[in-house]
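Text of model.txt (compact mmCIF, C-alpha atoms and all ligand atoms) as supplied:
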# COMPACT_ATOMS: atom_id res chain seq x y z
CA MET A 248 0.00 0.00 0.00
CA THR A 249 1.32 3.43 -0.81
CA THR A 250 1.77 6.07 1.84
CA SER A 251 -0.95 8.17 0.27
CA ALA A 252 -3.47 5.31 0.50
CA LEU A 253 -2.68 5.04 4.20
CA GLY A 254 -2.83 8.76 4.65
CA SER A 255 -6.50 9.10 5.27
CA PHE A 256 -8.16 10.04 8.51
CA PRO A 257 -8.60 8.42 11.00
CA ALA A 258 -6.02 5.72 10.09
CA THR A 259 -3.56 8.57 10.00
CA ARG A 260 -3.66 11.02 12.86
CA MET A 261 -0.58 13.25 12.62
CA ARG A 262 -1.07 14.41 16.21
CA ARG A 263 -0.15 10.94 17.55
CA LEU A 264 3.49 11.76 16.83
CA ARG A 265 3.20 15.01 18.76
CA ALA A 266 1.09 13.97 21.73
CA ALA A 267 3.89 13.93 24.35
CA THR A 268 7.36 15.35 24.80
CA TRP A 269 9.00 11.93 24.58
CA ARG A 270 7.29 11.22 21.23
CA ARG A 271 8.43 14.53 19.78
CA ARG A 272 11.98 13.95 21.03
CA LEU A 273 12.03 10.47 19.51
CA VAL A 274 11.11 11.57 15.99
CA ARG A 275 12.81 14.95 15.83
CA GLU A 276 14.61 15.43 12.51
CA THR A 277 16.87 18.33 13.48
CA ILE A 278 18.72 19.03 16.72
CA LEU A 279 20.49 22.19 17.84
CA THR A 280 23.47 21.78 20.19
CA ALA A 281 26.33 23.93 21.40
CA ASP A 282 28.48 22.12 18.80
CA ASP A 283 26.60 24.04 16.11
CA LEU A 284 27.44 27.50 17.40
CA VAL A 285 30.20 30.01 16.71
CA GLN A 286 30.40 33.04 19.01
CA PRO A 287 31.64 36.27 17.40
CA LEU A 288 33.68 38.58 19.68
CA PHE A 289 34.70 42.18 19.06
CA VAL A 290 38.16 42.98 20.37
CA VAL A 291 39.31 46.47 21.34
CA GLU A 292 42.55 47.96 22.79
CA GLY A 293 42.85 48.42 26.53
CA LYS A 294 42.49 46.51 29.78
CA GLY A 295 39.33 45.57 31.60
CA VAL A 296 37.19 47.06 28.82
CA ARG A 297 33.63 45.79 28.25
CA GLN A 298 31.92 48.37 26.07
CA SER A 299 28.34 47.89 24.99
CA VAL A 300 27.22 48.51 21.41
CA PRO A 301 23.90 50.39 21.43
CA THR A 302 22.55 48.89 18.19
CA LEU A 303 23.63 45.37 19.12
CA PRO A 304 21.91 44.56 22.43
CA GLY A 305 23.84 42.19 24.69
CA VAL A 306 27.06 42.47 22.66
CA THR A 307 30.17 44.11 24.08
CA ARG A 308 33.52 45.14 22.68
CA LEU A 309 36.18 43.44 24.80
CA SER A 310 39.82 44.17 25.55
CA ILE A 311 42.06 41.13 25.09
CA ASP A 312 42.07 40.23 28.82
CA GLU A 313 38.26 40.26 28.86
CA ALA A 314 38.05 38.36 25.57
CA ILE A 315 40.13 35.61 27.19
CA LYS A 316 37.48 35.32 29.93
CA ASP A 317 34.70 35.03 27.36
CA ALA A 318 36.74 32.52 25.35
CA GLN A 319 37.09 30.36 28.45
CA ALA A 320 33.37 30.70 29.23
CA ALA A 321 32.45 29.78 25.65
CA TYR A 322 34.76 26.80 25.79
CA ASP A 323 33.22 25.68 29.09
CA LEU A 324 29.78 25.88 27.45
CA GLY A 325 30.91 23.53 24.69
CA ILE A 326 31.13 26.13 21.91
CA PRO A 327 33.71 24.87 19.39
CA ALA A 328 34.89 28.17 17.95
CA LEU A 329 34.99 31.96 18.16
CA ALA A 330 34.96 34.47 15.31
CA LEU A 331 37.14 37.44 16.19
CA PHE A 332 36.70 40.96 14.82
CA PRO A 333 38.94 43.92 15.67
CA VAL A 334 37.76 47.42 16.56
CA VAL A 335 40.67 49.38 15.12
CA ASP A 336 41.66 52.76 16.53
CA ALA A 337 40.87 55.55 14.06
CA SER A 338 44.50 56.71 14.14
CA LEU A 339 45.58 53.38 12.60
CA LYS A 340 43.18 53.49 9.65
CA ASP A 341 44.23 54.65 6.19
CA ASP A 342 42.96 54.30 2.63
CA GLN A 343 45.04 51.14 2.05
CA GLY A 344 44.20 49.28 5.26
CA ARG A 345 47.92 48.92 6.00
CA GLU A 346 47.37 47.97 9.65
CA ALA A 347 45.73 44.74 8.46
CA VAL A 348 49.11 43.29 7.51
CA ASN A 349 50.96 44.37 10.66
CA PRO A 350 51.88 41.11 12.44
CA LYS A 351 51.56 42.93 15.79
CA ASN A 352 48.11 44.37 15.13
CA LEU A 353 45.32 44.08 17.69
CA LEU A 354 43.72 41.02 16.09
CA CYS A 355 47.01 39.11 15.79
CA ARG A 356 47.78 39.86 19.45
CA ALA A 357 44.29 38.77 20.46
CA VAL A 358 44.62 35.52 18.51
CA THR A 359 47.94 34.65 20.12
CA ALA A 360 46.75 35.53 23.63
CA ILE A 361 43.46 33.64 23.39
CA LYS A 362 45.13 30.61 21.81
CA LYS A 363 47.63 30.54 24.67
CA ALA A 364 44.94 30.82 27.37
CA VAL A 365 42.30 28.57 25.78
CA PRO A 366 44.20 26.36 23.33
CA ASP A 367 41.31 24.06 22.45
CA ILE A 368 38.83 26.61 21.19
CA GLY A 369 38.93 27.24 17.44
CA LEU A 370 39.66 30.78 16.26
CA ILE A 371 38.18 32.11 13.04
CA CYS A 372 39.27 35.51 11.68
CA ASP A 373 37.79 37.61 8.91
CA VAL A 374 40.08 38.40 6.04
CA ALA A 375 38.89 41.75 4.68
CA LEU A 376 40.10 45.31 5.02
CA ASP A 377 36.96 47.07 6.28
CA PRO A 378 38.03 47.41 9.95
CA TYR A 379 41.30 48.99 8.77
CA THR A 380 40.26 51.42 6.01
CA VAL A 381 39.09 55.00 6.53
CA HIS A 382 36.35 54.46 3.94
CA GLY A 383 35.09 51.22 5.52
CA HIS A 384 35.37 49.20 2.32
CA ASP A 385 36.75 45.66 2.23
CA GLY A 386 39.44 46.52 -0.28
CA ILE A 387 41.52 49.32 -1.74
CA PHE A 388 40.46 51.79 -4.42
CA ASP A 389 41.56 52.48 -7.94
CA GLY A 390 39.46 55.36 -9.22
CA ASP A 391 35.94 55.13 -7.91
CA ASP A 392 35.75 51.39 -7.22
CA VAL A 393 37.41 48.75 -5.10
CA VAL A 394 40.10 47.15 -7.24
CA ASN A 395 40.17 43.34 -7.27
CA ASP A 396 43.66 42.02 -7.89
CA ALA A 397 45.60 44.59 -5.85
CA THR A 398 43.19 43.98 -2.97
CA VAL A 399 43.80 40.23 -3.20
CA ASP A 400 47.55 40.88 -2.82
CA VAL A 401 46.87 42.64 0.50
CA LEU A 402 44.37 40.01 1.68
CA VAL A 403 46.94 37.28 1.16
CA LYS A 404 49.33 39.12 3.47
CA GLN A 405 46.56 39.69 6.00
CA ALA A 406 45.64 35.99 5.97
CA LEU A 407 49.28 35.07 6.47
CA VAL A 408 49.87 37.29 9.52
CA LEU A 409 46.69 35.91 11.09
CA ALA A 410 47.64 32.29 10.41
CA GLU A 411 51.14 32.88 11.74
CA ALA A 412 49.66 34.44 14.90
CA GLY A 413 47.81 31.15 15.50
CA CYS A 414 44.44 31.66 13.82
CA ASP A 415 42.95 28.25 12.93
CA VAL A 416 40.54 29.39 10.23
CA VAL A 417 41.04 32.34 7.92
CA ALA A 418 37.72 33.53 6.58
CA PRO A 419 37.88 35.81 3.55
CA SER A 420 34.72 37.90 3.76
CA ASP A 421 35.65 40.46 1.13
CA MET A 422 34.09 38.90 -2.03
CA MET A 423 37.07 39.65 -4.30
CA ASP A 424 37.51 37.16 -7.16
CA GLY A 425 40.34 34.65 -6.91
CA ARG A 426 41.23 35.31 -3.29
CA ILE A 427 40.71 31.75 -2.05
CA ALA A 428 43.26 30.31 -4.50
CA ALA A 429 45.73 33.05 -3.63
CA VAL A 430 45.36 32.53 0.13
CA ARG A 431 45.57 28.74 -0.20
CA ARG A 432 48.76 29.05 -2.24
CA VAL A 433 50.55 31.17 0.34
CA LEU A 434 49.43 28.97 3.25
CA GLU A 435 50.82 25.88 1.48
CA ASP A 436 54.04 27.70 0.57
CA ARG A 437 54.57 28.56 4.22
CA GLY A 438 53.81 25.04 5.44
CA LEU A 439 50.59 26.13 7.14
CA VAL A 440 48.86 23.02 5.85
CA ASN A 441 46.31 22.75 8.67
CA THR A 442 45.05 26.30 8.50
CA MET A 443 41.50 26.08 7.24
CA ILE A 444 39.85 28.48 4.85
CA MET A 445 36.21 29.25 5.45
CA ALA A 446 35.12 31.23 2.42
CA TYR A 447 32.32 33.74 2.79
CA SER A 448 31.23 32.54 -0.65
CA ALA A 449 27.62 33.66 -0.89
CA LYS A 450 27.85 36.96 0.89
CA TYR A 451 25.14 39.39 -0.10
CA ALA A 452 25.20 43.20 -0.13
CA SER A 453 22.87 43.56 2.82
CA ALA A 454 21.40 46.30 4.94
CA PHE A 455 21.29 43.77 7.77
CA TYR A 456 25.00 44.41 8.48
CA GLY A 457 24.25 47.84 9.99
CA PRO A 458 24.86 47.08 13.68
CA PHE A 459 28.08 45.17 12.90
CA ARG A 460 29.42 48.26 11.16
CA ASP A 461 28.59 50.25 14.30
CA ALA A 462 30.42 47.68 16.41
CA VAL A 463 33.67 47.77 14.38
CA GLY A 464 33.32 51.42 13.38
CA SER A 465 33.31 50.77 9.62
CA LYS A 466 30.07 52.53 8.75
CA ALA A 467 31.80 55.80 7.99
CA THR A 468 31.58 56.69 4.33
CA LEU A 469 30.78 53.71 2.16
CA GLY A 470 29.40 56.06 -0.49
CA PRO A 471 26.34 55.73 -2.74
CA LYS A 472 27.40 52.38 -4.26
CA GLY A 473 27.83 50.78 -0.87
CA LYS A 474 29.40 47.35 -1.29
CA HIS A 475 27.21 46.43 -4.27
CA THR A 476 30.10 46.16 -6.76
CA TYR A 477 31.58 43.20 -4.88
CA GLN A 478 29.00 41.69 -2.52
CA MET A 479 26.18 39.69 -4.15
CA ASP A 480 22.89 41.06 -5.38
CA ALA A 481 20.08 40.05 -3.02
CA ALA A 482 17.97 38.94 -5.99
CA ASN A 483 20.19 36.02 -7.02
CA THR A 484 20.57 32.37 -6.00
CA ASP A 485 22.10 30.66 -9.10
CA GLU A 486 25.00 33.02 -8.62
CA ALA A 487 25.48 31.69 -5.08
CA LEU A 488 26.03 28.21 -6.48
CA ARG A 489 28.67 29.53 -8.90
CA GLU A 490 30.40 31.36 -6.04
CA VAL A 491 30.58 28.29 -3.78
CA ASP A 492 31.74 26.06 -6.66
CA LEU A 493 34.58 28.44 -7.43
CA ASP A 494 35.68 28.80 -3.82
CA ILE A 495 35.67 25.03 -3.27
CA ALA A 496 37.67 24.52 -6.46
CA GLU A 497 40.15 27.17 -5.24
CA GLY A 498 40.71 25.36 -1.94
CA ALA A 499 38.05 26.38 0.60
CA ASP A 500 37.41 23.81 3.34
CA MET A 501 34.06 25.31 4.29
CA VAL A 502 31.75 27.88 2.76
CA MET A 503 29.40 30.45 4.22
CA VAL A 504 26.01 31.85 3.31
CA LYS A 505 25.30 35.28 4.73
CA PRO A 506 23.01 36.84 5.93
CA GLY A 507 21.11 33.90 7.39
CA MET A 508 17.41 33.94 8.16
CA PRO A 509 16.34 36.12 5.19
CA TYR A 510 18.45 33.85 2.94
CA LEU A 511 17.52 30.36 4.13
CA ASP A 512 16.42 29.50 0.59
CA VAL A 513 19.99 30.14 -0.53
CA LEU A 514 21.35 28.08 2.36
CA ALA A 515 19.07 25.16 1.47
CA ARG A 516 20.06 25.30 -2.21
CA VAL A 517 23.77 25.55 -1.41
CA THR A 518 23.73 22.64 1.06
CA ALA A 519 21.91 20.49 -1.50
CA HIS A 520 24.48 21.45 -4.14
CA VAL A 521 27.85 20.91 -2.42
CA ASN A 522 29.51 18.36 -0.17
CA VAL A 523 31.61 20.60 2.03
CA PRO A 524 30.35 21.98 5.35
CA VAL A 525 28.16 25.03 4.78
CA LEU A 526 27.97 27.57 7.58
CA ALA A 527 25.54 30.42 7.93
CA TYR A 528 25.66 33.74 9.77
CA GLN A 529 22.80 35.13 11.81
CA VAL A 530 24.09 38.63 11.12
CA SER A 531 23.96 41.63 13.39
CA GLY A 532 20.73 43.10 11.97
CA GLU A 533 18.73 39.87 12.26
CA TYR A 534 20.03 39.26 15.77
CA ALA A 535 19.25 42.86 16.75
CA MET A 536 15.71 42.60 15.34
CA LEU A 537 14.95 39.62 17.54
CA MET A 538 16.60 41.13 20.63
CA ILE A 539 14.91 44.52 20.29
CA ALA A 540 11.48 43.02 19.63
CA ALA A 541 11.88 40.67 22.60
CA ALA A 542 12.93 43.58 24.82
CA ASN A 543 9.70 45.31 23.76
CA GLY A 544 7.64 42.35 24.86
CA ALA A 545 6.82 41.04 21.39
CA PHE A 546 7.90 37.48 22.21
CA ASP A 547 10.13 35.35 24.38
CA GLN A 548 13.78 36.01 23.55
CA ALA A 549 15.19 32.56 24.32
CA ALA A 550 12.36 30.84 22.45
CA VAL A 551 12.70 32.88 19.24
CA MET A 552 16.47 32.54 19.29
CA ARG A 553 16.30 28.75 19.53
CA GLU A 554 13.59 28.54 16.91
CA SER A 555 15.51 30.71 14.45
CA LEU A 556 18.76 28.81 14.94
CA LEU A 557 16.94 25.51 14.54
CA ALA A 558 15.65 26.85 11.21
CA PHE A 559 19.27 27.31 10.07
CA LYS A 560 19.98 23.69 10.98
CA ARG A 561 16.84 22.55 9.18
CA ALA A 562 18.01 24.38 6.05
CA GLY A 563 21.28 22.44 6.24
CA ALA A 564 23.77 24.61 8.15
CA ALA A 565 26.75 22.69 9.58
CA ALA A 566 27.19 25.52 12.07
CA ILE A 567 25.88 29.00 12.74
CA PHE A 568 27.62 32.22 13.63
CA THR A 569 25.39 33.99 16.14
CA TYR A 570 25.88 36.74 18.70
CA ALA A 571 23.57 34.68 20.92
CA ALA A 572 25.83 31.60 20.90
CA MET A 573 26.80 31.69 24.57
CA ASP A 574 23.27 32.54 25.73
CA VAL A 575 21.80 29.74 23.66
CA ALA A 576 24.45 27.24 24.81
CA ARG A 577 23.69 28.20 28.41
CA ALA A 578 19.98 27.66 27.83
CA LEU A 579 20.61 24.31 26.10
CA ALA A 580 22.65 23.22 29.13
CA GLY A 581 19.79 24.25 31.41
CA LYS A 582 22.01 26.88 33.03
CA SER A 583 19.87 29.93 32.43
C1 LIG A 601 33.29 42.53 6.90
C2 LIG A 601 32.18 41.81 7.55
C3 LIG A 601 30.86 42.26 7.69
C4 LIG A 601 30.22 41.32 8.45
C5 LIG A 601 31.13 40.30 8.76
N1 LIG A 601 32.35 40.63 8.16
C6 LIG A 601 30.20 43.52 7.26
C7 LIG A 601 30.30 43.96 5.89
O1 LIG A 601 30.60 43.18 4.96
O2 LIG A 601 30.09 45.15 5.68
C8 LIG A 601 28.79 41.41 8.92
C9 LIG A 601 28.44 40.64 10.12
C10 LIG A 601 27.19 41.08 10.79
O3 LIG A 601 26.44 41.96 10.33
O4 LIG A 601 26.94 40.52 11.87
N2 LIG A 601 33.73 42.12 5.69

Output the structure of this file as structure tokens.
Amino acid sequence: MTTSALGSFPATRMRRLRAATWRRRLVRETILTADDLVQPLFVVEGKGVRQSVPTLPGVTRLSIDEAIKDAQAAYDLGIPALALFPVVDASLKDDQGREAVNPKNLLCRAVTAIKKAVPDIGLICDVALDPYTVHGHDGIFDGDDVVNDATVDVLVKQALVLAEAGCDVVAPSDMMDGRIAAVRRVLEDRGLVNTMIMAYSAKYASAFYGPFRDAVGSKATLGPKGKHTYQMDAANTDEALREVDLDIAEGADMVMVKPGMPYLDVLARVTAHVNVPVLAYQVSGEYAMLMIAAANGAFDQAAVMRESLLAFKRAGAAAIFTYAAMDVARALAGKS
């Protein structure tokens, strides 16, 4: 008998599978655990600094000593990895993003210090120039646009100083063409064979990045074109498949779809299309929307966070970057 022949009421009552907690647990298709979460941290100069970001509720910029405490807490909660972003002092920014390739820059020092204090947590670092440029763009300019190949030359150097500082995963988030192959080549040349590359492959030009740009101070003067000449057009999904194919062919170990919740269709298509781990990013704007609405009494914060992150898993994410990682891990452990 076919399933459809059986599927008539009352032989089939779908509610039987839902009638008790144990039944739902037994047949659940998707599970969210701390293993699925990556906690982003913003690192700033100083000591004992925990600075809140008004547009990103619950997120703080941390000096390295404080970031070490959070790294330890994340590790204790079972979170496998952190994504580190630097908040660069304005005096160190220029139009070329030169500070990005300084082996003693804030992010390199943070990587080394956290790795020493909490050696078993994975560290993922963005490779892109936006925290380091006065204009807030991910690359350098030639005329009125970000130039591809010269930017890739700088990104390769940036990836190398990060890897040499102890970063486990370099994560080009700049959307230049050919950067994955170039970064892979230099890592191999230097014998850094275990450094992973997580390519932000399907990264869309999105207004949802607003609060992140407040947090790192890169909002400044993006100009009328914004990042639309290098980040993807929100209207496209075939293009996402081309992007991930190219990055995998160039040597990426993992790929990323970003933003997350408004782009779960892209995530589902990409995970069906490739056989490398696909990560997704619940970006600052989507996180902030949920936090601000919850703070206004619209819904329960912990419940919407878990539901949204479960939706990423359902769409096929191997792991999720979320500012709520530690909160969610605490809730999953029954500690909140
Ligand atoms: C920088 C970068 C951005 C984000 C991660 N890396 C912003 C941007 O591309 O302008 C956004 C993350 C978020 O919004 O949470 N290349």

- request: May I have the residues within 10 Å of ligand LIG 601 (chain A), computed using only C-alpha atoms and all ligand atoms, as an MDAnalysis selection string?
  value: chainID A and resid 287 303 330:332 372:378 383:386 418:422 447 450:463 465:466 469 473:474 477:478 505:507 528:535 568:570

Would you mind exporting C-alpha atoms of the selected residues as a PDB file, keeping the file's coordinate frame?
ATOM      1  CA  PRO A 287      31.640  36.270  17.400  1.00  0.00           C
ATOM      2  CA  LEU A 303      23.630  45.370  19.120  1.00  0.00           C
ATOM      3  CA  ALA A 330      34.960  34.470  15.310  1.00  0.00           C
ATOM      4  CA  LEU A 331      37.140  37.440  16.190  1.00  0.00           C
ATOM      5  CA  PHE A 332      36.700  40.960  14.820  1.00  0.00           C
ATOM      6  CA  CYS A 372      39.270  35.510  11.680  1.00  0.00           C
ATOM      7  CA  ASP A 373      37.790  37.610   8.910  1.00  0.00           C
ATOM      8  CA  VAL A 374      40.080  38.400   6.040  1.00  0.00           C
ATOM      9  CA  ALA A 375      38.890  41.750   4.680  1.00  0.00           C
ATOM     10  CA  LEU A 376      40.100  45.310   5.020  1.00  0.00           C
ATOM     11  CA  ASP A 377      36.960  47.070   6.280  1.00  0.00           C
ATOM     12  CA  PRO A 378      38.030  47.410   9.950  1.00  0.00           C
ATOM     13  CA  GLY A 383      35.090  51.220   5.520  1.00  0.00           C
ATOM     14  CA  HIS A 384      35.370  49.200   2.320  1.00  0.00           C
ATOM     15  CA  ASP A 385      36.750  45.660   2.230  1.00  0.00           C
ATOM     16  CA  GLY A 386      39.440  46.520  -0.280  1.00  0.00           C
ATOM     17  CA  ALA A 418      37.720  33.530   6.580  1.00  0.00           C
ATOM     18  CA  PRO A 419      37.880  35.810   3.550  1.00  0.00           C
ATOM     19  CA  SER A 420      34.720  37.900   3.760  1.00  0.00           C
ATOM     20  CA  ASP A 421      35.650  40.460   1.130  1.00  0.00           C
ATOM     21  CA  MET A 422      34.090  38.900  -2.030  1.00  0.00           C
ATOM     22  CA  TYR A 447      32.320  33.740   2.790  1.00  0.00           C
ATOM     23  CA  LYS A 450      27.850  36.960   0.890  1.00  0.00           C
ATOM     24  CA  TYR A 451      25.140  39.390  -0.100  1.00  0.00           C
ATOM     25  CA  ALA A 452      25.200  43.200  -0.130  1.00  0.00           C
ATOM     26  CA  SER A 453      22.870  43.560   2.820  1.00  0.00           C
ATOM     27  CA  ALA A 454      21.400  46.300   4.940  1.00  0.00           C
ATOM     28  CA  PHE A 455      21.290  43.770   7.770  1.00  0.00           C
ATOM     29  CA  TYR A 456      25.000  44.410   8.480  1.00  0.00           C
ATOM     30  CA  GLY A 457      24.250  47.840   9.990  1.00  0.00           C
ATOM     31  CA  PRO A 458      24.860  47.080  13.680  1.00  0.00           C
ATOM     32  CA  PHE A 459      28.080  45.170  12.900  1.00  0.00           C
ATOM     33  CA  ARG A 460      29.420  48.260  11.160  1.00  0.00           C
ATOM     34  CA  ASP A 461      28.590  50.250  14.300  1.00  0.00           C
ATOM     35  CA  ALA A 462      30.420  47.680  16.410  1.00  0.00           C
ATOM     36  CA  VAL A 463      33.670  47.770  14.380  1.00  0.00           C
ATOM     37  CA  SER A 465      33.310  50.770   9.620  1.00  0.00           C
ATOM     38  CA  LYS A 466      30.070  52.530   8.750  1.00  0.00           C
ATOM     39  CA  LEU A 469      30.780  53.710   2.160  1.00  0.00           C
ATOM     40  CA  GLY A 473      27.830  50.780  -0.870  1.00  0.00           C
ATOM     41  CA  LYS A 474      29.400  47.350  -1.290  1.00  0.00           C
ATOM     42  CA  TYR A 477      31.580  43.200  -4.880  1.00  0.00           C
ATOM     43  CA  GLN A 478      29.000  41.690  -2.520  1.00  0.00           C
ATOM     44  CA  LYS A 505      25.300  35.280   4.730  1.00  0.00           C
ATOM     45  CA  PRO A 506      23.010  36.840   5.930  1.00  0.00           C
ATOM     46  CA  GLY A 507      21.110  33.900   7.390  1.00  0.00           C
ATOM     47  CA  TYR A 528      25.660  33.740   9.770  1.00  0.00           C
ATOM     48  CA  GLN A 529      22.800  35.130  11.810  1.00  0.00           C
ATOM     49  CA  VAL A 530      24.090  38.630  11.120  1.00  0.00           C
ATOM     50  CA  SER A 531      23.960  41.630  13.390  1.00  0.00           C
ATOM     51  CA  GLY A 532      20.730  43.100  11.970  1.00  0.00           C
ATOM     52  CA  GLU A 533      18.730  39.870  12.260  1.00  0.00           C
ATOM     53  CA  TYR A 534      20.030  39.260  15.770  1.00  0.00           C
ATOM     54  CA  ALA A 535      19.250  42.860  16.750  1.00  0.00           C
ATOM     55  CA  PHE A 568      27.620  32.220  13.630  1.00  0.00           C
ATOM     56  CA  THR A 569      25.390  33.990  16.140  1.00  0.00           C
ATOM     57  CA  TYR A 570      25.880  36.740  18.700  1.00  0.00           C
TER      58      TYR A 570
END

task: Report the distance between atom CA of Arg297 of chain A and atom CA of Ile311 of chain A in Å, rounded to one decimal place.
output: 10.1 Å

message: Considering only C-alpha atoms, can you say which of A:Ala397, A:Met501, A:Val274, A:Met479 comes closest to Met443 of chain A?
response: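 That would be A:Met501, the residue with the smallest distance to Met443 of chain A.
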
task: Counting only C-alpha atoms, figure out which residue out of A:Ala428, A:Ala446, A:Met508, A:Leu402 gets nearest to Glu346 of chain A.
output: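 Going through A:Ala428, A:Ala446, A:Met508, A:Leu402 one by one, the smallest distance to Glu346 of chain A is for A:Leu402.
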
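Ranking A:Gln286, A:Thr280, A:Gln405, A:Ser310 by their shortest atom-to-atom distance to Pro350 of chain A, with only C-alpha atoms included, puts A:Gln405 first.
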
Box in all listed atoms of segment 403-415 of chain A, axis-aligned, with 3 Å more on each side; write out centre and edge lengths in Å to one decimal as lines of an AutoDock Vina configuration file.
center_x = 47.0
center_y = 34.0
center_z = 8.3
size_x = 14.2
size_y = 17.4
size_z = 20.3

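Separating atom CA of Leu329 of chain A from atom CA of Asp436 of chain A is a distance of 26.3 Å.
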
- line: Among A:Asp492, A:Glu292, A:Asp342, A:Asp574, Ser448 of chain A is approached most closely, using only C-alpha atoms, by A:Asp492

query: Suppose you want the space between atom CA of Thr359 of chain A and atom CA of Ile326 of chain A; what is it in Å?
result: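 For atom CA of Thr359 of chain A relative to atom CA of Ile326 of chain A, the distance reads 18.9 Å.
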